[in-house]
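What follows is a short report on a single structure.
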Amino acid sequence: ALTEKLTRLVKEMRGQARITEANVQDMLREVRMALLEADVALPVVRDFIARVKEKALGQEVLGSLKPGQALVGIVNKELAATMGEGVADINLNAQPPAVILMAGLQGAGKTTTTAKLAKHLIEKRKKKVLTVSGDVYRPAAIEQLKTVTKQAGAEWFPSTPDQKPSDIALGALDYAKKHFFDVLLVDTAGRLAIDEVLMQEIKDLHAVLNPVETLFVVDAMQGQDAVNTAKAFKEALPLTGIVLTKLDGDSRGGAALSVRQVTGAPIKFAGVSEKIDGLEVFDAERHAGRILGMGDIVALVEQVTAGVDMEAAQKLAAKVKSGDGFDLNDFLAQLQQMKQMGGLSSLMDKLPAQLTAKAGQVDMDKAERDIRRKEGIICSMTALERRKPELIKATRKKRIAQGAGVQVQEVNRLLNEFEQMQGMMKKMKGGGLMKLMKKMGG
Ligand code: GDP
Ligand code: MG
């Protein structure tokens, strides 16, 4: 997570208009620490920091953004760009069956991911999928693939421990051709550590199968060691993609950056649970946030944003947490809080670039006028109406609209929005104030 020190440095750097060698040094040291804490390998961190420094130096700091915030924005953007480059779904551009070879250490999640991918290809790409296990060292591993393949709704091709992996592969390939399968997923033997014999075996498999995808499956919890594993597999095989598993654990997932850098292959998917549907398309922006601790960036921005009524925000959060009714008074308090922060546009200016990319498409002036109008409508309501919005029927609506100088439809719109917000608050149970405000801004 971004440290307290970094927060302090950001504050100290306020009012400087440009990122310079002098003001960036301490900041970069902290960013370096944050990356190391996230388990990004040291050489990868060095490389990355050098790149960021080059990009950042001399950069003008725009608007109300401070150099520290701008730098965090640059770091975040560069992280996302590095990890997101070339990301695409599974490539199936081959004479069917398209073969996908799974590679990685034992326990990385190859067998599980094979089944998850089968399900993904069946459901999202409407493909007919066959799986086969080349893991002849552990009979249980073949059974495991059989079980999870069934869960995925795909077909499993039998193999036995007395067969040679390349014979198994050829048999499965032949069967897949004859039965018009679109995809053949080949699970392979696990390795506890890099082992010459087993490396040769997977190279042979690759030669026999000529796969369109060779996926390197790597455990996100592996941290620093991921670099050496990735190097060894890259030397043995032409990797076409990475699957980062166990992202549901507490690791900050720095392995993603390391493995991406070492192999040059795109990170295609993320494993997010043990279950068969626990596979997601890799989201580089979100992952950059995780590595840096985006929650902390948001907190950071909240702290440096002048004029935030923290007390009111906390009261509101407590209310949501306790599940007390969220009424129109709270809705009004939120609107007013947004104005206190100096308007939406200045709030958005203060957020790191990644966060504002989407918000940038919103017309801020219009959004602010909108807030003022909503405020006007709520102010035309009686105390009772604000507490019990369900009382507001046709006659009351007309009176409120007249009071606020708007059409009745606008009162309806506000009430709808309030209801949506109320539903959201119930789901959120506190903690997501920033998210909420972004939503209101949009
Ligand atoms: P293999 O040896 O590479 O085939 O690894 P397995 O597929 O057998 O997985 C090893 C262990 O990791 C199993 O207990 C899986 O349930 C678990 N696992 C795999 N992927 C994930 C994931 O994305 N999240 C979690 N929490 N567990 C996973
Ligand atoms: Mg396995």
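Labels used: A, B, ... for chains in the order of the structure tokens, numbers from 1 for residues in each chain, and numbers from 1 for ligands as shown.
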
(request) Could you tell me, counting only C-alpha atoms and all ligand atoms, which protein and nucleic acid residues lie no more than 8 Å from ligand 2, written as a PyMOL selection string? (result) chain A and resi 106-107+109-112+135+141-142+144-145+187-190

Using only N, CA and C atoms, please write the residues we just selected to a file, as a PDB file, in the first residue's frame.
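Now in selection_5.pdb:
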ATOM      1  N   GLN A 106       3.976 -27.370 -10.825  1.00  0.00           N
ATOM      2  CA  GLN A 106       2.943 -28.131 -10.124  1.00  0.00           C
ATOM      3  C   GLN A 106       2.248 -27.235  -9.096  1.00  0.00           C
ATOM      4  N   GLY A 107       0.944 -27.331  -9.076  1.00  0.00           N
ATOM      5  CA  GLY A 107       0.186 -26.546  -8.108  1.00  0.00           C
ATOM      6  C   GLY A 107      -0.145 -25.142  -8.586  1.00  0.00           C
ATOM      7  N   GLY A 109      -2.047 -24.348 -10.959  1.00  0.00           N
ATOM      8  CA  GLY A 109      -3.472 -24.269 -11.302  1.00  0.00           C
ATOM      9  C   GLY A 109      -3.748 -24.669 -12.748  1.00  0.00           C
ATOM     10  N   LYS A 110      -2.872 -25.469 -13.341  1.00  0.00           N
ATOM     11  CA  LYS A 110      -3.049 -25.855 -14.748  1.00  0.00           C
ATOM     12  C   LYS A 110      -4.335 -26.647 -14.970  1.00  0.00           C
ATOM     13  N   THR A 111      -4.530 -27.681 -14.153  1.00  0.00           N
ATOM     14  CA  THR A 111      -5.684 -28.553 -14.353  1.00  0.00           C
ATOM     15  C   THR A 111      -6.984 -27.777 -14.141  1.00  0.00           C
ATOM     16  N   THR A 112      -7.017 -27.006 -13.061  1.00  0.00           N
ATOM     17  CA  THR A 112      -8.189 -26.182 -12.773  1.00  0.00           C
ATOM     18  C   THR A 112      -8.454 -25.200 -13.915  1.00  0.00           C
ATOM     19  N   ASP A 135      -0.429 -35.714 -17.809  1.00  0.00           N
ATOM     20  CA  ASP A 135       0.242 -35.862 -16.511  1.00  0.00           C
ATOM     21  C   ASP A 135       0.256 -37.339 -16.118  1.00  0.00           C
ATOM     22  N   ALA A 141      -4.065 -37.105 -10.991  1.00  0.00           N
ATOM     23  CA  ALA A 141      -4.130 -35.884 -11.792  1.00  0.00           C
ATOM     24  C   ALA A 141      -5.022 -36.086 -13.013  1.00  0.00           C
ATOM     25  N   ILE A 142      -4.954 -37.314 -13.595  1.00  0.00           N
ATOM     26  CA  ILE A 142      -5.797 -37.626 -14.751  1.00  0.00           C
ATOM     27  C   ILE A 142      -7.265 -37.645 -14.320  1.00  0.00           C
ATOM     28  N   GLN A 144      -8.516 -36.082 -11.789  1.00  0.00           N
ATOM     29  CA  GLN A 144      -8.893 -34.697 -11.454  1.00  0.00           C
ATOM     30  C   GLN A 144      -9.375 -33.969 -12.716  1.00  0.00           C
ATOM     31  N   LEU A 145      -8.641 -34.146 -13.800  1.00  0.00           N
ATOM     32  CA  LEU A 145      -9.047 -33.478 -15.044  1.00  0.00           C
ATOM     33  C   LEU A 145     -10.388 -34.014 -15.528  1.00  0.00           C
ATOM     34  N   ASP A 187      -3.606 -30.610 -20.879  1.00  0.00           N
ATOM     35  CA  ASP A 187      -3.067 -30.381 -19.535  1.00  0.00           C
ATOM     36  C   ASP A 187      -1.746 -31.156 -19.433  1.00  0.00           C
ATOM     37  N   THR A 188      -0.798 -30.633 -18.696  1.00  0.00           N
ATOM     38  CA  THR A 188       0.509 -31.304 -18.623  1.00  0.00           C
ATOM     39  C   THR A 188       0.924 -31.583 -17.186  1.00  0.00           C
ATOM     40  N   ALA A 189       2.014 -32.332 -17.054  1.00  0.00           N
ATOM     41  CA  ALA A 189       2.498 -32.743 -15.739  1.00  0.00           C
ATOM     42  C   ALA A 189       3.008 -31.550 -14.951  1.00  0.00           C
ATOM     43  N   GLY A 190       2.830 -31.629 -13.660  1.00  0.00           N
ATOM     44  CA  GLY A 190       3.315 -30.566 -12.799  1.00  0.00           C
ATOM     45  C   GLY A 190       4.794 -30.724 -12.518  1.00  0.00           C
TER      46      GLY A 190
END

Dump as a tab-separated table the rows for residues of chain A within 10 Å of ligand 1: closest atom pair and distance in Å with one decimal, only C-alpha atoms and all ligand atoms counted, ordered by chain and rising residue number.
residue	atom	partner	partner_atom_place_in_ligand_line	distance
A:Met102	CA	ligand 1	3 (O)	8.7
A:Ala103	CA	ligand 1	3 (O)	8.0
A:Gly104	CA	ligand 1	3 (O)	6.3
A:Leu105	CA	ligand 1	3 (O)	6.0
A:Gln106	CA	ligand 1	2 (O)	3.9
A:Gly107	CA	ligand 1	2 (O)	3.4
A:Ala108	CA	ligand 1	3 (O)	4.0
A:Gly109	CA	ligand 1	5 (O)	3.2
A:Lys110	CA	ligand 1	3 (O)	3.6
A:Thr111	CA	ligand 1	7 (O)	3.7
A:Thr112	CA	ligand 1	7 (O)	3.6
A:Thr113	CA	ligand 1	7 (O)	6.1
A:Thr114	CA	ligand 1	7 (O)	7.8
A:Ala115	CA	ligand 1	7 (O)	8.8
A:Lys116	CA	ligand 1	20 (N)	9.2
A:Ser133	CA	ligand 1	4 (O)	9.7
A:Asp135	CA	ligand 1	4 (O)	8.8
A:Ala140	CA	ligand 1	8 (O)	9.9
A:Ala141	CA	ligand 1	4 (O)	7.3
A:Ile142	CA	ligand 1	4 (O)	9.8
A:Gln144	CA	ligand 1	8 (O)	7.6
A:Leu145	CA	ligand 1	4 (O)	8.5
A:Val148	CA	ligand 1	7 (O)	9.5
A:Asp187	CA	ligand 1	4 (O)	7.5
A:Thr188	CA	ligand 1	4 (O)	7.6
A:Ala189	CA	ligand 1	4 (O)	7.4
A:Gly190	CA	ligand 1	2 (O)	5.1
A:Arg191	CA	ligand 1	2 (O)	7.9
A:Leu192	CA	ligand 1	2 (O)	8.8
A:Val217	CA	ligand 1	3 (O)	7.3
A:Val218	CA	ligand 1	3 (O)	8.3
A:Asp219	CA	ligand 1	20 (N)	7.7
A:Ala220	CA	ligand 1	23 (O)	8.8
A:Val243	CA	ligand 1	23 (O)	9.3
A:Leu244	CA	ligand 1	23 (O)	7.7
A:Thr245	CA	ligand 1	23 (O)	4.2
A:Lys246	CA	ligand 1	24 (N)	3.5
A:Leu247	CA	ligand 1	23 (O)	6.0
A:Asp248	CA	ligand 1	26 (N)	5.7
A:Gly249	CA	ligand 1	26 (N)	6.3
A:Phe269	CA	ligand 1	23 (O)	9.9
A:Ala270	CA	ligand 1	23 (O)	7.0
A:Gly271	CA	ligand 1	23 (O)	3.4
A:Val272	CA	ligand 1	23 (O)	4.2
A:Ser273	CA	ligand 1	24 (N)	3.6
A:Glu274	CA	ligand 1	27 (N)	4.0
A:Lys275	CA	ligand 1	16 (O)	7.2
A:Ile276	CA	ligand 1	20 (N)	9.1
A:Asp277	CA	ligand 1	23 (O)	9.7
A:Gly278	CA	ligand 1	23 (O)	6.3
A:Leu279	CA	ligand 1	23 (O)	7.0
A:Glu280	CA	ligand 1	23 (O)	9.5

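Taking only C-alpha atoms into account, His120 of chain A lies nearest to A:Gly153 out of the set A:Pro96, A:Gly86, A:Gly153, A:Pro158.
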
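When the distance limit is 8 Å and only C-alpha atoms are what count, the residues near segment 394-406 of chain A, minus those fewer than 4 positions from it on the same chain, are Arg373, Gly376, Ile377, Cys379, Ser380, Met381, Glu410, Val411 and Asn412 of chain A.
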
(request) For atom CA of Leu237 of chain A and atom CA of Ala152 of chain A, quote the distance in Å rounded to one decimal. (result) 27.4 Å

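Between Val208 of chain A and the candidates A:Leu57, A:Val31, A:Ile168, A:Ile194, the tightest atom-to-atom separation, counting only C-alpha atoms, involves A:Ile168.
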
(message) Please identify the strand (DSSP E or B) residues within segment 50-246 of chain A (assignment by DSSP from backbone atoms) and present them as a count of residues only.
(response) 32

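We find atom CA of Lys77 of chain A and atom CA of Ala367 of chain A to be spaced 26.3 Å apart.
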